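Pasting structure16.cif here (mmCIF, C-alpha atoms, pLDDT in the B column; chains and numbers go by the auth columns):
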```
data_my_file
loop_
_atom_site.group_PDB
_atom_site.id
_atom_site.type_symbol
_atom_site.label_atom_id
_atom_site.label_comp_id
_atom_site.label_asym_id
_atom_site.label_seq_id
_atom_site.Cartn_x
_atom_site.Cartn_y
_atom_site.Cartn_z
_atom_site.B_iso_or_equiv
_atom_site.auth_seq_id
_atom_site.auth_asym_id
ATOM 1 C CA MET A 1 -5.805 -10.849 51.411 62.00 1 N
ATOM 2 C CA PRO A 2 -4.815 -8.110 48.913 73.00 2 N
ATOM 3 C CA ARG A 3 -5.750 -4.567 49.958 79.00 3 N
ATOM 4 C CA VAL A 4 -5.293 -1.035 48.718 86.00 4 N
ATOM 5 C CA VAL A 5 -1.768 0.210 49.541 85.00 5 N
ATOM 6 C CA HIS A 6 -1.526 3.393 47.450 93.00 6 N
ATOM 7 C CA PHE A 7 -3.814 5.807 45.715 95.00 7 N
ATOM 8 C CA GLU A 8 -3.331 8.342 42.944 94.00 8 N
ATOM 9 C CA ILE A 9 -5.495 11.405 42.556 96.00 9 N
ATOM 10 C CA ASN A 10 -5.472 12.916 39.066 94.00 10 N
ATOM 11 C CA VAL A 11 -5.489 16.719 38.999 96.00 11 N
ATOM 12 C CA ASP A 12 -5.493 19.587 36.513 95.00 12 N
ATOM 13 C CA GLU A 13 -3.807 22.169 38.772 96.00 13 N
ATOM 14 C CA PRO A 14 -1.422 20.509 41.253 96.00 14 N
ATOM 15 C CA ASP A 15 -0.815 23.637 43.360 97.00 15 N
ATOM 16 C CA ARG A 16 -4.552 24.109 43.878 98.00 16 N
ATOM 17 C CA ALA A 17 -4.994 20.429 44.755 98.00 17 N
ATOM 18 C CA VAL A 18 -2.070 20.491 47.215 98.00 18 N
ATOM 19 C CA ARG A 19 -3.692 23.478 48.988 98.00 19 N
ATOM 20 C CA PHE A 20 -7.061 21.705 49.066 98.00 20 N
ATOM 21 C CA TYR A 21 -5.828 18.438 50.602 97.00 21 N
ATOM 22 C CA THR A 22 -3.409 20.060 53.074 97.00 22 N
ATOM 23 C CA GLU A 23 -5.997 22.582 54.295 98.00 23 N
ATOM 24 C CA VAL A 24 -8.939 20.178 54.508 98.00 24 N
ATOM 25 C CA PHE A 25 -7.277 16.995 55.821 96.00 25 N
ATOM 26 C CA GLY A 26 -3.877 18.200 57.068 95.00 26 N
ATOM 27 C CA TRP A 27 -1.999 15.814 54.773 96.00 27 N
ATOM 28 C CA THR A 28 1.687 16.346 54.016 96.00 28 N
ATOM 29 C CA ILE A 29 2.326 16.605 50.266 98.00 29 N
ATOM 30 C CA GLU A 30 5.787 16.906 48.740 97.00 30 N
ATOM 31 C CA LYS A 31 6.915 17.041 45.116 97.00 31 N
ATOM 32 C CA TRP A 32 8.716 13.850 44.114 93.00 32 N
ATOM 33 C CA ASN A 33 12.246 14.371 42.871 89.00 33 N
ATOM 34 C CA GLY A 34 11.791 12.158 39.834 79.00 34 N
ATOM 35 C CA ALA A 35 11.324 12.249 36.095 75.00 35 N
ATOM 36 C CA SER A 36 7.607 13.105 36.135 83.00 36 N
ATOM 37 C CA ASP A 37 5.280 15.565 37.868 90.00 37 N
ATOM 38 C CA TYR A 38 4.262 13.554 40.920 94.00 38 N
ATOM 39 C CA TRP A 39 3.484 14.672 44.457 97.00 39 N
ATOM 40 C CA LEU A 40 3.736 12.136 47.289 95.00 40 N
ATOM 41 C CA ILE A 41 1.034 12.249 49.951 96.00 41 N
ATOM 42 C CA SER A 42 1.465 11.201 53.574 96.00 42 N
ATOM 43 C CA THR A 43 -1.939 10.897 55.237 94.00 43 N
ATOM 44 C CA GLY A 44 -0.510 10.316 58.720 89.00 44 N
ATOM 45 C CA ARG A 45 1.659 7.966 60.683 81.00 45 N
ATOM 46 C CA ASN A 46 0.851 5.534 63.496 84.00 46 N
ATOM 47 C CA GLU A 47 -2.748 5.244 62.303 81.00 47 N
ATOM 48 C CA PRO A 48 -4.430 2.716 60.005 84.00 48 N
ATOM 49 C CA GLY A 49 -4.572 3.889 56.421 88.00 49 N
ATOM 50 C CA ILE A 50 -2.637 4.301 53.205 92.00 50 N
ATOM 51 C CA ASP A 51 -0.528 6.942 51.527 94.00 51 N
ATOM 52 C CA GLY A 52 -0.705 7.984 47.899 94.00 52 N
ATOM 53 C CA ALA A 53 0.080 10.655 45.342 95.00 53 N
ATOM 54 C CA LEU A 54 -1.211 13.460 43.147 96.00 54 N
ATOM 55 C CA MET A 55 -0.441 13.290 39.441 94.00 55 N
ATOM 56 C CA ARG A 56 -1.400 15.333 36.405 93.00 56 N
ATOM 57 C CA ARG A 57 -4.630 14.133 34.802 91.00 57 N
ATOM 58 C CA MET A 58 -3.873 12.168 31.635 85.00 58 N
ATOM 59 C CA THR A 59 -7.380 12.168 30.135 84.00 59 N
ATOM 60 C CA PRO A 60 -10.493 14.215 30.968 87.00 60 N
ATOM 61 C CA THR A 61 -12.231 11.212 32.555 82.00 61 N
ATOM 62 C CA THR A 62 -9.325 9.953 34.677 82.00 62 N
ATOM 63 C CA SER A 63 -10.242 10.047 38.371 83.00 63 N
ATOM 64 C CA THR A 64 -10.200 8.070 41.600 86.00 64 N
ATOM 65 C CA ILE A 65 -12.679 7.344 44.320 82.00 65 N
ATOM 66 C CA ASN A 66 -11.373 6.624 47.764 92.00 66 N
ATOM 67 C CA THR A 67 -13.174 6.906 51.057 91.00 67 N
ATOM 68 C CA ILE A 68 -11.567 8.909 53.837 94.00 68 N
ATOM 69 C CA SER A 69 -12.361 8.293 57.505 93.00 69 N
ATOM 70 C CA VAL A 70 -13.292 11.514 59.351 94.00 70 N
ATOM 71 C CA PRO A 71 -14.463 12.172 62.930 95.00 71 N
ATOM 72 C CA SER A 72 -17.491 14.189 61.721 97.00 72 N
ATOM 73 C CA VAL A 73 -19.079 14.151 58.258 97.00 73 N
ATOM 74 C CA ASP A 74 -20.837 17.447 59.044 98.00 74 N
ATOM 75 C CA ASP A 75 -17.611 19.250 60.012 97.00 75 N
ATOM 76 C CA TYR A 76 -15.751 17.978 56.950 97.00 76 N
ATOM 77 C CA VAL A 77 -18.556 18.804 54.531 98.00 77 N
ATOM 78 C CA ASN A 78 -18.247 22.391 55.758 98.00 78 N
ATOM 79 C CA LYS A 79 -14.447 22.377 55.360 97.00 79 N
ATOM 80 C CA ILE A 80 -14.690 20.849 51.895 97.00 80 N
ATOM 81 C CA GLU A 81 -17.138 23.508 50.700 98.00 81 N
ATOM 82 C CA GLU A 82 -15.064 26.302 52.295 98.00 82 N
ATOM 83 C CA HIS A 83 -12.000 25.176 50.299 98.00 83 N
ATOM 84 C CA GLY A 84 -13.559 24.916 46.843 98.00 84 N
ATOM 85 C CA GLY A 85 -15.039 21.408 46.977 98.00 85 N
ATOM 86 C CA ARG A 86 -18.684 20.394 46.778 97.00 86 N
ATOM 87 C CA VAL A 87 -21.036 17.706 48.026 97.00 87 N
ATOM 88 C CA VAL A 88 -22.421 15.367 45.332 95.00 88 N
ATOM 89 C CA MET A 89 -24.294 13.028 47.725 95.00 89 N
ATOM 90 C CA PRO A 90 -25.268 14.430 51.121 97.00 90 N
ATOM 91 C CA LYS A 91 -24.685 12.729 54.451 98.00 91 N
ATOM 92 C CA THR A 92 -26.401 9.355 54.468 95.00 92 N
ATOM 93 C CA ALA A 93 -26.742 6.894 57.328 95.00 93 N
ATOM 94 C CA ILE A 94 -25.520 3.346 56.901 92.00 94 N
ATOM 95 C CA PRO A 95 -27.394 1.651 59.762 92.00 95 N
ATOM 96 C CA GLY A 96 -25.102 0.103 62.332 92.00 96 N
ATOM 97 C CA VAL A 97 -21.985 1.390 60.534 92.00 97 N
ATOM 98 C CA GLY A 98 -21.902 5.186 60.344 95.00 98 N
ATOM 99 C CA TYR A 99 -22.416 8.090 57.984 97.00 99 N
ATOM 100 C CA VAL A 100 -21.084 8.682 54.480 93.00 100 N
ATOM 101 C CA ALA A 101 -21.132 11.578 52.035 95.00 101 N
ATOM 102 C CA TYR A 102 -19.676 11.806 48.553 92.00 102 N
ATOM 103 C CA CYS A 103 -17.913 15.002 47.572 94.00 103 N
ATOM 104 C CA GLN A 104 -15.773 16.480 44.833 94.00 104 N
ATOM 105 C CA ASP A 105 -12.464 18.199 45.475 95.00 105 N
ATOM 106 C CA SER A 106 -11.202 21.404 43.871 96.00 106 N
ATOM 107 C CA GLU A 107 -10.241 19.364 40.761 92.00 107 N
ATOM 108 C CA GLY A 108 -13.611 17.626 40.253 91.00 108 N
ATOM 109 C CA ASN A 109 -12.477 14.258 41.662 91.00 109 N
ATOM 110 C CA THR A 110 -15.141 12.335 43.575 90.00 110 N
ATOM 111 C CA PHE A 111 -14.292 10.895 46.986 92.00 111 N
ATOM 112 C CA GLY A 112 -16.182 9.666 50.022 92.00 112 N
ATOM 113 C CA ILE A 113 -15.950 10.692 53.652 93.00 113 N
ATOM 114 C CA MET A 114 -17.003 8.210 56.332 92.00 114 N
ATOM 115 C CA GLN A 115 -17.780 8.702 60.014 94.00 115 N
ATOM 116 C CA ASP A 116 -17.859 5.535 62.115 93.00 116 N
ATOM 117 C CA ASP A 117 -20.982 5.387 64.296 97.00 117 N
ATOM 118 C CA PRO A 118 -22.520 2.001 65.158 97.00 118 N
ATOM 119 C CA THR A 119 -25.695 3.791 66.356 97.00 119 N
ATOM 120 C CA ALA A 120 -26.390 5.314 62.903 96.00 120 N
ATOM 121 C CA GLN A 121 -29.943 4.723 61.670 92.00 121 N
#
```
Final structure tokens representation of the file:
Amino acid sequence: MPRVVHFEINVDEPDRAVRFYTEVFGWTIEKWNGASDYWLISTGRNEPGIDGALMRRMTPTTSTINTISVPSVDDYVNKIEEHGGRVVMPKTAIPGVGYVAYCQDSEGNTFGIMQDDPTAQ
């Protein structure tokens, strides 16, 4: 079955976005040595998931929405707000699955954070 294998996050200020994602999630981000402004993102090794990239926003409405697995929605909401992001939908229970919140990063991109918890009500 086809599945997501790469993501691109469109940003206005790459340096600010690199700081945001490295400080909040601990991702490794390195400038690509190619013809365009493109920063490769490694979200971790030896764990399920995908890697992606940051790129300069091409139009004002260009964005992405990906959901990121976190051990605690509450802890990450705090980290996100501390680093210039904001919550756009607060922590919500998905019964039998876990908790989700939707946030915006320092560039205004919307993303989800998800905490697995089969006891969520």
Could you list, as a PDB file with C-alpha atoms, keeping the file's coordinate frame, every residue within 12 Å of N:Val97, counting all atoms listed in the file and ignoring same-chain residues fewer than 4 positions away?
```pdb
ATOM      1  CA  THR N  92     -26.401   9.355  54.468  1.00 95.00           C
ATOM      2  CA  ALA N  93     -26.742   6.894  57.328  1.00 95.00           C
ATOM      3  CA  MET N 114     -17.003   8.210  56.332  1.00 92.00           C
ATOM      4  CA  GLN N 115     -17.780   8.702  60.014  1.00 94.00           C
ATOM      5  CA  ASP N 116     -17.859   5.535  62.115  1.00 93.00           C
ATOM      6  CA  ASP N 117     -20.982   5.387  64.296  1.00 97.00           C
ATOM      7  CA  PRO N 118     -22.520   2.001  65.158  1.00 97.00           C
ATOM      8  CA  THR N 119     -25.695   3.791  66.356  1.00 97.00           C
ATOM      9  CA  ALA N 120     -26.390   5.314  62.903  1.00 96.00           C
ATOM     10  CA  GLN N 121     -29.943   4.723  61.670  1.00 92.00           C
TER      11      GLN N 121
END
```
- request: Please return, as a PyMOL selection string, all polymer residues that have at least one atom within 8 Å of the point (-9.2, 17.0, 36.6); use all atoms listed in the file and the file's own coordinate frame.
  value: chain N and resi 10-13+56-57+60-63+107-109
- prompt: Do you know which residues are at most 8 Å from N:Gly85 counting all atoms listed in the file, after dropping those on the same chain fewer than 3 positions away, and could you put them as a PyMOL selection string?
  reply: chain N and resi 80-82+103-106+108
- prompt: In terms of the shortest atom-to-atom distance over all atoms listed in the file, which of N:Gly96, N:Val5, N:Val73, N:Asp15 is closest to N:Asp37?
  reply: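 Closest to N:Asp37, using all atoms listed in the file: N:Asp15.
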query: Mind pulling up the distance from atom CA of N:Phe7 to atom CA of N:Ile94?
result: 24.5 Å
- prompt: Do you know which residues the PyMOL selection byres ((chain N and resi 66) around 8) returns on this file, as an MDAnalysis selection string?
  reply: chainID N and resid 7 64:65 67:68 111:112
- prompt: atom CA of N:Ser72 to atom CA of N:Tyr102: how many Å, to one decimal?
  reply: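 Separation of atom CA of N:Ser72 and atom CA of N:Tyr102: 13.6 Å.
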message: Can you translate the PyMOL selection byres ((chain N and resi 18) around 9) into the concrete residues it hits in this file, as a PyMOL selection string?
response: chain N and resi 13-17+19-23+27-30+39+54
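Atom CA of N:Met58 to atom CA of N:Asn33 spans 19.8 Å [interatomic distance, one decimal].
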- request: Find, counting all atoms listed in the file, the residue in N:Ala35, N:His83, N:Ile50, N:Val70 that gets nearest to N:Gly98.
  value: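 The closest residue to N:Gly98 is N:Val70.
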task: Go through the shown structure with the PyMOL selection byres ((chain N and resi 42) around 8) and write out the matching residues as JSON, numbers by chain.
output: {"N": [27, 28, 29, 40, 41, 43, 44, 45, 51, 52]}
Only C-alpha atoms, please: the residues just picked out, written as a PDB file, in the frame of the given file.
```pdb
ATOM      1  CA  TRP N  27      -1.999  15.814  54.773  1.00 96.00           C
ATOM      2  CA  THR N  28       1.687  16.346  54.016  1.00 96.00           C
ATOM      3  CA  ILE N  29       2.326  16.605  50.266  1.00 98.00           C
ATOM      4  CA  LEU N  40       3.736  12.136  47.289  1.00 95.00           C
ATOM      5  CA  ILE N  41       1.034  12.249  49.951  1.00 96.00           C
ATOM      6  CA  THR N  43      -1.939  10.897  55.237  1.00 94.00           C
ATOM      7  CA  GLY N  44      -0.510  10.316  58.720  1.00 89.00           C
ATOM      8  CA  ARG N  45       1.659   7.966  60.683  1.00 81.00           C
ATOM      9  CA  ASP N  51      -0.528   6.942  51.527  1.00 94.00           C
ATOM     10  CA  GLY N  52      -0.705   7.984  47.899  1.00 94.00           C
TER      11      GLY N  52
END
```
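Of the residues listed (N:Lys31, N:Gly26, N:Asn78, N:Met55), N:Met55 shows the shortest atom-to-atom separation from N:Ile9; distances use all atoms listed in the file.
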message: Calculated over all atoms listed in the file, which of the candidates N:Asp74, N:Lys79, N:Glu8, N:Thr59 has the smallest distance to N:Val24?
response: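 Ranked by minimum distance to N:Val24, first place goes to N:Lys79.
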Residue contacts of N:Val77 (9 Å, all atoms listed in the file) excluding same-chain residues fewer than 6 positions away, as a ChimeraX atom specification: /N:85-87,90-91,101,103,113
task: For each of N:Phe25, N:Tyr76, N:Trp32, N:Tyr38, take the minimum atom-to-atom distance to N:Val100, counting only C-alpha atoms, then give the residue where this is smallest.
output: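 Using only C-alpha atoms, N:Val100 sits closest to N:Tyr76.
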What are the centre and the three edge lengths of an axis-aligned box that wraps all atoms of stretch 78-82 of chain N in the file, given that 8 Å is added to every side, written as AutoDock Vina command-line options and rounded to one decimal in Å?
```
--center_x -16.3 --center_y 23.6 --center_z 53.2 --size_x 19.8 --size_y 21.5 --size_z 21.1
```
